[in-house]
file upload_21.txt (compact mmCIF, C-alpha atoms)
# COMPACT_ATOMS: atom_id res chain seq x y z
CA MET P 1317 -20.87 19.87 31.91
CA PRO P 1318 -20.11 16.13 31.62
CA ILE P 1319 -16.82 15.10 33.20
CA TRP P 1320 -15.58 12.88 30.32
CA PRO P 1321 -14.18 15.65 28.03
CA ILE P 1322 -12.12 16.99 30.92
CA ILE P 1323 -10.80 13.53 31.73
CA SER P 1324 -9.84 12.94 28.07
CA ILE P 1325 -7.82 16.15 28.08
CA LEU P 1326 -6.08 15.14 31.28
CA ILE P 1327 -5.15 11.79 29.82
CA LEU P 1328 -3.88 13.35 26.56
CA VAL P 1329 -1.51 15.73 28.36
CA GLN P 1330 -0.25 12.72 30.31
CA LEU P 1331 -0.45 14.09 33.85
CA GLU P 1332 1.58 12.25 36.44
CA ILE P 1333 -1.08 10.16 38.19
CA THR P 1334 -0.96 6.62 39.53
CA GLU P 1335 -2.34 3.64 37.66
CA LYS P 1336 -5.02 3.30 40.36
CA GLN P 1337 -6.08 6.91 39.83
CA LYS P 1338 -6.13 6.44 36.06
CA GLY P 1339 -8.40 3.44 36.43
CA LEU P 1340 -10.72 5.38 38.72
CA LEU P 1341 -10.91 8.31 36.31
CA LYS P 1342 -11.70 5.99 33.40
CA LEU P 1343 -14.40 4.25 35.43
CA ILE P 1344 -16.01 7.61 36.26
CA GLN P 1345 -15.76 8.62 32.62
CA LEU P 1346 -17.59 5.56 31.33
CA ARG P 1347 -20.23 5.44 34.06
CA LYS P 1348 -21.12 9.11 33.68
CA MET P 1349 -21.71 8.84 29.94
CA ASN P 1350 -25.10 7.86 28.58
CA LYS P 1351 -25.61 6.39 25.12
CA PRO P 1352 -26.27 9.66 23.23
CA GLU P 1353 -23.16 11.17 24.83
CA ALA P 1354 -21.18 8.04 23.99
CA LYS P 1355 -22.36 8.14 20.36
CA GLN P 1356 -21.28 11.78 20.06
CA ARG P 1357 -17.91 11.11 21.66
CA ILE P 1358 -17.30 7.98 19.54
CA GLU P 1359 -17.98 9.91 16.35
CA LYS P 1360 -15.59 12.66 17.46
CA LEU P 1361 -12.88 10.13 18.35
CA ARG P 1362 -13.20 8.35 15.00
CA GLU P 1363 -12.99 11.63 13.14
CA SER P 1364 -9.90 12.68 15.10
CA ILE P 1365 -8.13 9.30 14.80
CA ASN P 1366 -8.82 9.08 11.06
CA HIS P 1367 -7.56 12.65 10.63
CA HIS P 1368 -4.27 11.82 12.33
CA ARG P 1369 -4.02 8.47 10.48
CA TYR P 1370 -4.33 10.29 7.18
CA LEU P 1371 -1.76 12.91 8.18
CA TYR P 1372 0.79 10.34 9.33
CA HIS P 1373 0.35 7.42 6.95
CA VAL P 1374 -0.66 9.28 3.78
CA LEU P 1375 0.82 12.78 4.03
CA ASP P 1376 3.86 11.87 6.22
CA LYS P 1377 2.94 14.58 8.75
CA GLN P 1378 2.36 14.39 12.49
CA GLU P 1379 0.45 16.81 14.74
CA ILE P 1380 0.28 14.85 18.00
CA SER P 1381 2.54 12.33 19.71
CA ASP P 1382 2.15 8.58 19.29
CA ALA P 1383 1.21 8.37 22.98
CA ALA P 1384 -1.60 10.89 22.54
CA LEU P 1385 -2.96 9.01 19.52
CA ASP P 1386 -2.79 5.74 21.46
CA SER P 1387 -4.86 7.38 24.22
CA LEU P 1388 -7.53 8.34 21.70
CA LYS P 1389 -7.61 4.81 20.29
CA LYS P 1390 -7.85 3.29 23.78
CA GLU P 1391 -10.71 5.58 24.73
CA LEU P 1392 -12.55 4.67 21.52
CA PHE P 1393 -12.00 0.96 22.15
CA ASP P 1394 -13.31 1.21 25.72
CA LEU P 1395 -16.41 3.13 24.66
CA GLU P 1396 -17.18 0.67 21.86
CA GLN P 1397 -16.84 -2.21 24.32
CA GLN P 1398 -19.40 -0.54 26.59
CA PHE P 1399 -21.72 0.26 23.66
CA PRO P 1400 -20.99 -2.51 21.07
CA ASP P 1401 -24.02 -1.59 18.94
CA LEU P 1402 -22.22 1.69 18.13
CA ILE P 1403 -19.32 -0.13 16.42
CA THR P 1404 -19.23 0.57 12.67
CA GLN P 1405 -17.29 -1.14 9.89
CA ASP P 1406 -15.13 1.93 9.30
CA SER P 1407 -14.12 2.32 12.95
CA PRO P 1408 -10.32 2.46 13.50
CA THR P 1409 -10.75 -0.38 16.01
CA GLN P 1410 -11.83 -2.69 13.17
CA ARG P 1411 -8.43 -2.62 11.47
CA ILE P 1412 -7.31 -5.55 13.59
CA GLY P 1413 -9.93 -8.03 14.68
CA GLY P 1414 -11.44 -11.43 14.30
CA GLN P 1415 -10.05 -14.89 14.74
CA PRO P 1416 -7.21 -16.24 12.56
CA LEU P 1417 -8.42 -17.76 9.29
CA LYS P 1418 -8.08 -21.45 8.48
CA GLN P 1419 -7.45 -20.66 4.82
CA PHE P 1420 -7.92 -17.90 2.24
CA LYS P 1421 -10.96 -17.91 0.00
CA LYS P 1422 -10.53 -17.56 -3.75
CA PHE P 1423 -11.61 -14.27 -5.29
CA ARG P 1424 -12.48 -13.58 -8.93
CA HIS P 1425 -11.41 -10.11 -10.05
CA PRO P 1426 -14.12 -7.97 -11.69
CA SER P 1427 -11.70 -7.46 -14.58
CA ARG P 1428 -8.36 -9.06 -15.30
CA MET P 1429 -5.32 -7.79 -13.43
CA THR P 1430 -2.55 -7.61 -15.99
CA SER P 1431 1.20 -7.28 -15.51
CA PHE P 1432 3.82 -5.54 -17.65
CA ASN P 1433 6.34 -6.48 -20.27
CA ASP P 1434 9.86 -5.34 -19.42
CA ALA P 1435 12.28 -2.96 -21.10
CA PHE P 1436 15.93 -2.59 -20.08
CA SER P 1437 17.35 0.01 -22.45
CA LYS P 1438 16.60 3.14 -24.44
CA GLU P 1439 16.40 0.98 -27.56
CA ASP P 1440 13.78 -1.26 -25.93
CA MET P 1441 11.68 1.79 -25.14
CA GLN P 1442 12.00 3.16 -28.66
CA GLU P 1443 10.96 -0.21 -30.07
CA TRP P 1444 7.91 -0.33 -27.76
CA GLN P 1445 6.84 3.15 -28.81
CA ALA P 1446 7.30 2.36 -32.51
CA LYS P 1447 5.14 -0.77 -32.18
CA PHE P 1448 2.12 0.89 -30.61
CA LEU P 1449 2.35 3.93 -32.93
CA LYS P 1450 1.91 1.58 -35.90
CA LEU P 1451 -1.47 0.56 -34.48
CA LEU P 1452 -2.72 4.17 -34.25
CA PRO P 1453 -3.83 6.44 -37.10
CA PRO P 1454 -0.92 8.51 -38.49
CA GLY P 1455 -0.29 11.65 -36.49
CA SER P 1456 -2.34 10.46 -33.49
CA ASP P 1457 -1.83 12.40 -30.29
CA PHE P 1458 -1.70 9.79 -27.54
CA GLY P 1459 -1.35 12.44 -24.81
CA GLY P 1460 2.17 11.75 -23.64
CA TYR P 1461 3.12 9.39 -20.83
CA TYR P 1462 2.58 9.03 -17.12
CA ALA P 1463 5.69 7.69 -15.39
CA GLU P 1464 5.50 6.00 -11.99
CA LEU P 1465 8.11 4.56 -9.66
CA LYS P 1466 7.80 0.77 -9.80
CA ILE P 1467 7.45 -0.28 -6.18
CA ASP P 1468 9.00 -3.64 -5.33
CA GLY P 1469 6.00 -5.01 -3.47
CA LEU P 1470 2.84 -7.00 -4.04
CA ALA P 1471 -0.04 -5.94 -6.34
CA MET P 1472 -3.44 -5.74 -4.66
CA GLU P 1473 -7.03 -4.98 -5.58
CA MET P 1474 -9.38 -3.17 -3.18
CA ILE P 1475 -13.14 -3.01 -3.69
CA TYR P 1476 -15.32 -0.40 -2.00
CA GLU P 1477 -19.13 -0.38 -1.75
CA ASN P 1478 -20.84 2.93 -0.94
CA GLY P 1479 -17.42 4.22 0.11
CA PHE P 1480 -16.71 1.39 2.58
CA PHE P 1481 -13.81 -1.03 2.13
CA LYS P 1482 -15.41 -4.39 1.37
CA THR P 1483 -12.85 -6.74 -0.21
CA GLY P 1484 -9.10 -6.89 -0.74
CA ALA P 1485 -7.42 -9.51 -2.89
CA THR P 1486 -4.04 -10.56 -4.26
CA ARG P 1487 -3.49 -10.59 -8.02
CA GLY P 1488 -3.01 -14.37 -8.22
CA ASP P 1489 -3.05 -15.41 -11.87
CA GLY P 1490 -4.74 -12.15 -12.85
CA THR P 1491 -8.21 -13.68 -12.94
CA ILE P 1492 -8.41 -15.49 -9.59
CA GLY P 1493 -6.67 -14.17 -6.49
CA GLU P 1494 -6.99 -14.73 -2.75
CA ASP P 1495 -9.27 -12.78 -0.42
CA VAL P 1496 -6.95 -11.07 2.09
CA THR P 1497 -9.42 -8.42 3.26
CA GLN P 1498 -8.68 -8.76 6.99
CA ASN P 1499 -4.97 -8.37 6.40
CA LEU P 1500 -5.32 -5.31 4.16
CA LYS P 1501 -7.47 -3.66 6.81
CA THR P 1502 -4.38 -3.55 9.02
CA VAL P 1503 -2.55 -1.35 6.49
CA GLU P 1504 -3.06 2.20 7.76
CA ALA P 1505 -2.43 3.76 4.32
CA ILE P 1506 -5.52 1.96 2.97
CA PRO P 1507 -8.70 3.85 3.99
CA LEU P 1508 -11.62 1.92 5.47
CA LEU P 1509 -13.98 4.72 4.42
CA LEU P 1510 -13.38 6.93 1.40
CA ASP P 1511 -13.55 10.71 1.43
CA SER P 1512 -16.81 11.57 -0.32
CA LYS P 1513 -16.53 15.38 -0.28
CA SER P 1514 -15.65 15.59 -3.99
CA TYR P 1515 -17.45 12.52 -5.38
CA ASN P 1516 -20.82 10.82 -4.99
CA LEU P 1517 -20.03 7.32 -3.72
CA LYS P 1518 -23.58 6.15 -2.97
CA ALA P 1519 -24.67 2.99 -4.78
CA LYS P 1520 -21.24 2.91 -6.42
CA SER P 1521 -18.73 0.08 -6.48
CA LEU P 1522 -15.11 1.23 -6.68
CA VAL P 1523 -12.27 -1.00 -7.85
CA VAL P 1524 -8.86 0.33 -6.85
CA ARG P 1525 -5.48 -1.23 -7.49
CA GLY P 1526 -2.24 -0.60 -5.70
CA GLU P 1527 0.95 -1.97 -4.25
CA VAL P 1528 1.55 -3.17 -0.70
CA PHE P 1529 5.15 -2.97 0.46
CA ILE P 1530 7.40 -2.66 3.48
CA THR P 1531 9.85 0.17 4.12
CA LYS P 1532 13.59 -0.32 4.40
CA LYS P 1533 13.46 0.78 8.05
CA GLU P 1534 10.80 -1.79 8.90
CA PHE P 1535 12.73 -4.44 6.93
CA GLU P 1536 15.80 -3.80 9.09
CA ARG P 1537 13.73 -3.90 12.29
CA ILE P 1538 12.15 -7.24 11.43
CA ASN P 1539 15.48 -8.81 10.44
CA LYS P 1540 17.03 -7.57 13.69
CA GLU P 1541 14.27 -9.39 15.56
CA GLN P 1542 14.93 -12.52 13.48
CA VAL P 1543 18.61 -12.45 14.46
CA GLU P 1544 17.74 -11.97 18.15
CA LYS P 1545 15.44 -14.99 17.98
CA GLY P 1546 18.08 -17.09 16.19
CA LEU P 1547 15.91 -17.31 13.07
CA PRO P 1548 16.95 -16.89 9.39
CA ILE P 1549 16.81 -13.33 8.08
CA TYR P 1550 14.64 -12.34 5.13
CA ALA P 1551 16.34 -11.78 1.77
CA ASN P 1552 14.50 -8.58 0.80
CA PRO P 1553 11.52 -6.36 1.73
CA ARG P 1554 9.31 -7.82 -0.99
CA ASN P 1555 9.51 -11.30 0.53
CA ILE P 1556 8.34 -9.95 3.88
CA ALA P 1557 5.52 -7.97 2.29
CA ALA P 1558 4.29 -10.99 0.32
CA GLY P 1559 4.51 -13.27 3.35
CA SER P 1560 2.82 -10.73 5.61
CA VAL P 1561 -0.16 -10.26 3.31
CA ARG P 1562 -0.71 -14.02 3.28
CA GLN P 1563 -0.63 -14.53 7.05
CA LEU P 1564 -3.72 -16.34 8.32
CA ASP P 1565 -3.59 -14.29 11.52
CA PRO P 1566 -4.19 -10.56 10.80
CA LYS P 1567 -2.46 -9.61 14.06
CA ILE P 1568 0.83 -10.90 12.60
CA THR P 1569 0.23 -8.84 9.47
CA ALA P 1570 -0.44 -5.76 11.62
CA SER P 1571 2.86 -6.23 13.45
CA ARG P 1572 4.76 -5.91 10.14
CA LYS P 1573 3.52 -2.32 9.59
CA LEU P 1574 2.92 -2.61 5.85
CA ASP P 1575 2.52 0.45 3.65
CA SER P 1576 0.70 1.01 0.37
CA PHE P 1577 0.47 3.20 -2.74
CA ALA P 1578 -2.66 3.25 -4.90
CA TYR P 1579 -2.00 3.56 -8.64
CA ASP P 1580 -5.13 2.69 -10.63
CA LEU P 1581 -8.90 3.12 -10.55
CA LYS P 1582 -11.15 0.86 -12.59
CA THR P 1583 -14.35 2.77 -11.82
CA ASP P 1584 -15.53 5.54 -14.15
CA PHE P 1585 -15.44 9.01 -12.60
CA GLY P 1586 -15.10 10.70 -15.97
CA GLN P 1587 -11.30 10.49 -15.92
CA LYS P 1588 -9.67 10.90 -19.32
CA THR P 1589 -6.01 10.54 -18.40
CA HIS P 1590 -4.01 8.36 -16.07
CA GLU P 1591 -2.74 11.50 -14.38
CA GLU P 1592 -6.37 12.32 -13.49
CA VAL P 1593 -6.74 8.83 -12.00
CA HIS P 1594 -4.02 9.62 -9.47
CA LYS P 1595 -5.66 12.91 -8.56
CA ILE P 1596 -9.00 11.17 -7.94
CA LEU P 1597 -7.32 8.50 -5.82
CA LYS P 1598 -5.65 11.17 -3.72
CA ASP P 1599 -8.95 13.05 -3.33
CA LEU P 1600 -10.63 9.85 -2.14
CA GLY P 1601 -8.05 9.47 0.63
CA PHE P 1602 -5.55 7.02 -0.86
CA LYS P 1603 -1.82 7.39 -0.56
CA THR P 1604 -0.30 8.01 -4.00
CA ASN P 1605 3.36 8.37 -4.88
CA LYS P 1606 4.37 12.04 -4.94
CA HIS P 1607 7.29 11.32 -7.28
CA ASN P 1608 5.13 10.08 -10.18
CA LYS P 1609 5.21 12.46 -13.11
CA PHE P 1610 3.62 13.32 -16.45
CA CYS P 1611 6.14 13.13 -19.32
CA LYS P 1612 5.25 14.73 -22.64
CA ASN P 1613 7.59 12.50 -24.70
CA LEU P 1614 10.00 9.58 -24.53
CA GLU P 1615 12.97 11.86 -23.86
CA GLU P 1616 11.38 13.04 -20.61
CA VAL P 1617 10.63 9.42 -19.68
CA LEU P 1618 14.31 8.54 -20.14
CA GLU P 1619 15.33 11.50 -17.96
CA PHE P 1620 12.87 10.43 -15.25
CA ARG P 1621 14.23 6.90 -15.30
CA GLU P 1622 17.87 8.03 -15.12
CA LYS P 1623 17.11 10.37 -12.23
CA TRP P 1624 15.63 7.58 -10.11
CA ALA P 1625 18.24 5.03 -11.14
CA LYS P 1626 20.73 7.39 -9.45
CA GLU P 1627 18.55 8.49 -6.53
CA ARG P 1628 16.70 5.29 -5.61
CA GLU P 1629 18.82 4.82 -2.47
CA LYS P 1630 17.36 8.06 -1.06
CA LEU P 1631 13.91 6.48 -0.94
CA ASP P 1632 12.62 4.67 2.16
CA TYR P 1633 11.33 1.80 0.02
CA GLU P 1634 12.67 -0.40 -2.74
CA ILE P 1635 11.99 0.27 -6.43
CA ASP P 1636 13.20 -1.82 -9.34
CA GLY P 1637 12.41 0.54 -12.21
CA ILE P 1638 9.61 2.76 -13.48
CA VAL P 1639 6.24 2.02 -15.07
CA VAL P 1640 5.43 4.02 -18.20
CA ILE P 1641 1.78 4.31 -19.25
CA ILE P 1642 0.15 6.10 -22.17
CA ASN P 1643 -1.59 8.96 -20.42
CA ASN P 1644 -4.71 9.09 -22.63
CA ILE P 1645 -7.03 6.39 -21.24
CA ARG P 1646 -9.07 6.05 -24.46
CA ILE P 1647 -5.92 5.38 -26.50
CA PHE P 1648 -4.56 3.06 -23.79
CA GLU P 1649 -7.74 0.94 -23.84
CA LYS P 1650 -7.92 1.00 -27.64
CA LEU P 1651 -4.47 -0.60 -27.87
CA GLY P 1652 -5.71 -3.55 -25.82
CA VAL P 1653 -3.81 -6.41 -24.21
CA VAL P 1654 -1.46 -9.01 -25.67
CA GLY P 1655 -0.89 -12.07 -23.52
CA LYS P 1656 -0.53 -10.88 -19.94
CA ALA P 1657 0.39 -7.27 -20.64
CA PRO P 1658 -1.28 -4.12 -22.05
CA ARG P 1659 0.28 -2.68 -25.20
CA GLY P 1660 0.01 0.82 -23.78
CA ALA P 1661 2.27 0.33 -20.74
CA ILE P 1662 5.68 -1.09 -19.99
CA ALA P 1663 8.04 -1.58 -17.04
CA TYR P 1664 11.37 0.12 -17.70
CA LYS P 1665 13.59 -1.80 -15.29
CA PHE P 1666 16.85 -0.84 -13.67
CA PRO P 1667 19.94 -3.00 -14.35
CA GLN P 1668 20.03 -6.25 -12.42
CA ALA P 1669 21.97 -6.09 -9.17
CA GLU P 1670 25.52 -7.41 -9.31
CA ALA P 1671 27.92 -8.61 -6.63
CA THR P 1672 31.51 -9.85 -6.57
CA THR P 1673 32.39 -13.15 -4.93
CA LYS P 1674 35.35 -15.54 -4.66
CA VAL P 1675 35.89 -18.99 -6.11
CA LEU P 1676 36.71 -21.07 -3.03
CA ASP P 1677 37.28 -24.37 -4.76
CA ILE P 1678 36.68 -26.31 -7.96
CA LYS P 1679 35.45 -29.88 -7.74
CA VAL P 1680 34.95 -32.40 -10.50
CA GLN P 1681 31.71 -34.33 -10.66
CA VAL P 1682 31.59 -37.62 -12.55
CA GLY P 1683 28.29 -38.45 -14.24
CA ARG P 1684 26.85 -41.94 -14.73
CA THR P 1685 28.24 -42.03 -18.27
CA GLY P 1686 31.72 -41.16 -17.02
CA ALA P 1687 31.60 -37.53 -18.20
CA MET P 1688 33.46 -35.17 -15.86
CA THR P 1689 32.03 -31.72 -15.07
CA PRO P 1690 33.96 -29.06 -13.14
CA VAL P 1691 31.85 -27.31 -10.45
CA ALA P 1692 32.93 -24.05 -8.85
CA ILE P 1693 32.33 -23.59 -5.11
CA LEU P 1694 31.63 -19.87 -4.54
CA GLU P 1695 31.68 -17.74 -1.43
CA PRO P 1696 28.06 -16.92 -0.54
CA VAL P 1697 27.03 -13.35 -1.36
CA SER P 1698 23.71 -11.52 -1.21
CA VAL P 1699 22.26 -10.23 -4.48
CA THR P 1700 18.91 -8.42 -4.06

call {"tool": "encode", "arguments": {"input": "upload_21.txt", "output": "structure tokens"}}
result
Amino acid sequence: MPIWPIISILILVQLEITEKQKGLLKLIQLRKMNKPEAKQRIEKLRESINHHRYLYHVLDKQEISDAALDSLKKELFDLEQQFPDLITQDSPTQRIGGQPLKQFKKFRHPSRMTSFNDAFSKEDMQEWQAKFLKLLPPGSDFGGYYAELKIDGLAMEMIYENGFFKTGATRGDGTIGEDVTQNLKTVEAIPLLLDSKSYNLKAKSLVVRGEVFITKKEFERINKEQVEKGLPIYANPRNIAAGSVRQLDPKITASRKLDSFAYDLKTDFGQKTHEEVHKILKDLGFKTNKHNKFCKNLEEVLEFREKWAKEREKLDYEIDGIVVIINNIRIFEKLGVVGKAPRGAIAYKFPQAEATTKVLDIKVQVGRTGAMTPVAILEPVSVT
């Protein structure tokens, strides 16, 4: 029996051995393994690492310690360095790699990435519903609504070819964005290879859209580091997420530990409702938001929005409202787009944040015509 499986087990249980002994064991492990054995072990390591990545970053579960997972990753890296022709594009080691970019390339989206018009009240929502109902035949059943938490992050598009992650881009102006593929590869919640058990992905190009964001916990960690370095702190998590995605060095992006939710699929898998889209995304291995919900009417939408307006602080990420989408995809597409936004969807925002401050002083400014204007000097306060 080859010695390398035994050594891997010893390393995983973290036996108390010296660094010199560890190095000797690793050397024996690599030297004893021929290429067929290495190929088999590499495939097993990738399968195991991807399994634990999915559990931790998508399902929020953990079966092994971080140290054990790091040992698996290190073993995979060492084997791939010894047999570089066995490195594949979906290998976990390829999430962070390559030299820093000099600049981002422009990327034209296969179809336009729209944004949403905003609503701020029950009356706004009623008016939106009345408008699109006028465009449908009387008595049309539009299939209810699908309500999603509106993540305060950065919209992204991910393109997969034959199941492999090929390109990731920012929204930009909706037509032209920036190619940030290397940076999105560092986001563990974004799969490098899709799960093809339920769907045939061969010769198929998938276009997936989602949000990249940073958790409140990670936001606090990064700002703590900024303070320790004597640097300015960031105003909110969204600013960090946006800045991290546009780093020219993917290693900096990786250090920010970005997260992601997928929310739309522009490739036809026979889906008839937006709720089905989320199920397909989840089946393919994407992280989707477990709080999103089908609502049969506007009353249920209002209840969903009020619930999360009250409970948003319980979440580990920032939201600034909900997105409401007509669930029936055929009806949604039939309603079309006006300006930058689809008629069949709307962002129902939470009230703007408010803060109380003090007037420290009032000064009078004299303009060139002699007009005097009072200017209040306020105590600085954070409003996010």

call {"tool": "residues_around", "arguments": {"input": "upload_21.txt", "residues": "segment 1457-1473 of chain P", "least_positions_apart": "2", "cutoff": "7 Å", "atoms": "only C-alpha atoms", "output": "PDB file with C-alpha atoms, in the frame of the given file"}}
result
ATOM      1  CA  GLY P1455      -0.290  11.650 -36.490  1.00  0.00           C
ATOM      2  CA  ILE P1475     -13.140  -3.010  -3.690  1.00  0.00           C
ATOM      3  CA  GLY P1484      -9.100  -6.890  -0.740  1.00  0.00           C
ATOM      4  CA  ALA P1485      -7.420  -9.510  -2.890  1.00  0.00           C
ATOM      5  CA  THR P1486      -4.040 -10.560  -4.260  1.00  0.00           C
ATOM      6  CA  ARG P1487      -3.490 -10.590  -8.020  1.00  0.00           C
ATOM      7  CA  VAL P1523     -12.270  -1.000  -7.850  1.00  0.00           C
ATOM      8  CA  VAL P1524      -8.860   0.330  -6.850  1.00  0.00           C
ATOM      9  CA  ARG P1525      -5.480  -1.230  -7.490  1.00  0.00           C
ATOM     10  CA  GLY P1526      -2.240  -0.600  -5.700  1.00  0.00           C
ATOM     11  CA  GLU P1527       0.950  -1.970  -4.250  1.00  0.00           C
ATOM     12  CA  VAL P1528       1.550  -3.170  -0.700  1.00  0.00           C
ATOM     13  CA  PHE P1529       5.150  -2.970   0.460  1.00  0.00           C
ATOM     14  CA  ARG P1554       9.310  -7.820  -0.990  1.00  0.00           C
ATOM     15  CA  ALA P1557       5.520  -7.970   2.290  1.00  0.00           C
ATOM     16  CA  ALA P1558       4.290 -10.990   0.320  1.00  0.00           C
ATOM     17  CA  HIS P1590      -4.010   8.360 -16.070  1.00  0.00           C
ATOM     18  CA  GLU P1591      -2.740  11.500 -14.380  1.00  0.00           C
ATOM     19  CA  ASN P1608       5.130  10.080 -10.180  1.00  0.00           C
ATOM     20  CA  LYS P1609       5.210  12.460 -13.110  1.00  0.00           C
ATOM     21  CA  PHE P1610       3.620  13.320 -16.450  1.00  0.00           C
ATOM     22  CA  CYS P1611       6.140  13.130 -19.320  1.00  0.00           C
ATOM     23  CA  LYS P1612       5.250  14.730 -22.640  1.00  0.00           C
ATOM     24  CA  ASN P1613       7.590  12.500 -24.700  1.00  0.00           C
ATOM     25  CA  VAL P1617      10.630   9.420 -19.680  1.00  0.00           C
ATOM     26  CA  GLU P1634      12.670  -0.400  -2.740  1.00  0.00           C
ATOM     27  CA  ILE P1635      11.990   0.270  -6.430  1.00  0.00           C
ATOM     28  CA  ASP P1636      13.200  -1.820  -9.340  1.00  0.00           C
ATOM     29  CA  GLY P1637      12.410   0.540 -12.210  1.00  0.00           C
ATOM     30  CA  ILE P1638       9.610   2.760 -13.480  1.00  0.00           C
ATOM     31  CA  VAL P1639       6.240   2.020 -15.070  1.00  0.00           C
ATOM     32  CA  VAL P1640       5.430   4.020 -18.200  1.00  0.00           C
ATOM     33  CA  ILE P1641       1.780   4.310 -19.250  1.00  0.00           C
ATOM     34  CA  ILE P1642       0.150   6.100 -22.170  1.00  0.00           C
ATOM     35  CA  ASN P1643      -1.590   8.960 -20.420  1.00  0.00           C
ATOM     36  CA  ASN P1644      -4.710   9.090 -22.630  1.00  0.00           C
ATOM     37  CA  ILE P1647      -5.920   5.380 -26.500  1.00  0.00           C
TER      38      ILE P1647
END

call {"tool": "atom_distance", "arguments": {"input": "upload_21.txt", "atom1": "atom CA of Leu1388 of chain P", "atom2": "atom CA of Lys1360 of chain P"}}
result
10.1 Å

call {"tool": "residues_around", "arguments": {"input": "upload_21.txt", "residues": "Glu1494 of chain P", "least_positions_apart": "3", "cutoff": "12 Å", "atoms": "all atoms listed in the file", "output": "count of residues only"}}
result
28

call {"tool": "closest_residue", "arguments": {"input": "upload_21.txt", "among": "P:Ile1693, P:Ala1578, P:Arg1362, P:Glu1616", "to": "Lys1390 of chain P", "atoms": "all atoms listed in the file"}}
result
P:Arg1362

call {"tool": "residues_around", "arguments": {"input": "upload_21.txt", "residues": "Arg1357 of chain P", "least_positions_apart": "5", "cutoff": "9 Å", "atoms": "all atoms listed in the file", "output": "ChimeraX atom specification"}}
result
/P:1321,1352,1362,1392,1395

call {"tool": "residues_around", "arguments": {"input": "upload_21.txt", "residues": "segment 1518-1520 of chain P", "least_positions_apart": "2", "cutoff": "8 Å", "atoms": "only C-alpha atoms", "output": "JSON, numbers by chain"}}
result
{"P": [1477, 1478, 1479, 1516, 1522]}

call {"tool": "atom_distance", "arguments": {"input": "upload_21.txt", "atom1": "atom CA of Lys1606 of chain P", "atom2": "atom CA of Glu1504 of chain P"}}
result
17.7 Å

call {"tool": "closest_residue", "arguments": {"input": "upload_21.txt", "among": "P:Phe1602, P:Asp1632, P:Leu1581, P:Asp1565", "to": "Lys1418 of chain P", "atoms": "only C-alpha atoms"}}
result
P:Asp1565

call {"tool": "residues_near_point", "arguments": {"input": "upload_21.txt", "point": "(4.8, -0.2, -28.2)", "cutoff": "12 Å", "atoms": "all atoms listed in the file", "output": "MDAnalysis selection string"}}
result
chainID P and resid 1432:1435 1439:1452 1458 1614 1640:1642 1648 1651:1654 1657:1663

call {"tool": "atom_distance", "arguments": {"input": "upload_21.txt", "atom1": "atom CA of Pro1408 of chain P", "atom2": "atom CA of Asp1599 of chain P"}}
result
19.9 Å

call {"tool": "residues_around", "arguments": {"input": "upload_21.txt", "residues": "Lys1567 of chain P", "least_positions_apart": "6", "cutoff": "12 Å", "atoms": "only C-alpha atoms", "output": "ChimeraX atom specification"}}
result
/P:1410-1417,1498-1503,1560-1561,1573

call {"tool": "build_atoms", "arguments": {"input": "upload_21.txt", "residues": "segment 1622-1629 of chain P", "atoms": "N, CA, C and O atoms", "output": "PDB file, in the frame of the given file"}}
result
ATOM      1  N   GLU P1622      16.478   7.843 -15.512  1.00  0.00           N
ATOM      2  CA  GLU P1622      17.870   8.030 -15.120  1.00  0.00           C
ATOM      3  C   GLU P1622      17.982   8.718 -13.761  1.00  0.00           C
ATOM      4  O   GLU P1622      18.849   8.387 -12.953  1.00  0.00           O
ATOM      5  N   LYS P1623      17.108   9.669 -13.515  1.00  0.00           N
ATOM      6  CA  LYS P1623      17.110  10.370 -12.230  1.00  0.00           C
ATOM      7  C   LYS P1623      16.913   9.380 -11.083  1.00  0.00           C
ATOM      8  O   LYS P1623      17.662   9.397 -10.097  1.00  0.00           O
ATOM      9  N   TRP P1624      15.926   8.489 -11.215  1.00  0.00           N
ATOM     10  CA  TRP P1624      15.630   7.580 -10.110  1.00  0.00           C
ATOM     11  C   TRP P1624      16.545   6.368 -10.081  1.00  0.00           C
ATOM     12  O   TRP P1624      16.681   5.725  -9.019  1.00  0.00           O
ATOM     13  N   ALA P1625      17.199   6.062 -11.180  1.00  0.00           N
ATOM     14  CA  ALA P1625      18.240   5.030 -11.140  1.00  0.00           C
ATOM     15  C   ALA P1625      19.390   5.497 -10.243  1.00  0.00           C
ATOM     16  O   ALA P1625      20.013   4.707  -9.535  1.00  0.00           O
ATOM     17  N   LYS P1626      19.650   6.816 -10.263  1.00  0.00           N
ATOM     18  CA  LYS P1626      20.730   7.390  -9.450  1.00  0.00           C
ATOM     19  C   LYS P1626      20.286   7.684  -8.019  1.00  0.00           C
ATOM     20  O   LYS P1626      21.092   7.597  -7.087  1.00  0.00           O
ATOM     21  N   GLU P1627      19.006   8.024  -7.832  1.00  0.00           N
ATOM     22  CA  GLU P1627      18.550   8.490  -6.530  1.00  0.00           C
ATOM     23  C   GLU P1627      17.687   7.494  -5.765  1.00  0.00           C
ATOM     24  O   GLU P1627      17.139   7.812  -4.709  1.00  0.00           O
ATOM     25  N   ARG P1628      17.575   6.277  -6.244  1.00  0.00           N
ATOM     26  CA  ARG P1628      16.700   5.290  -5.610  1.00  0.00           C
ATOM     27  C   ARG P1628      17.079   4.997  -4.164  1.00  0.00           C
ATOM     28  O   ARG P1628      16.221   4.693  -3.328  1.00  0.00           O
ATOM     29  N   GLU P1629      18.376   5.112  -3.839  1.00  0.00           N
ATOM     30  CA  GLU P1629      18.820   4.820  -2.470  1.00  0.00           C
ATOM     31  C   GLU P1629      18.311   5.857  -1.477  1.00  0.00           C
ATOM     32  O   GLU P1629      18.301   5.612  -0.270  1.00  0.00           O
TER      33      GLU P1629
END
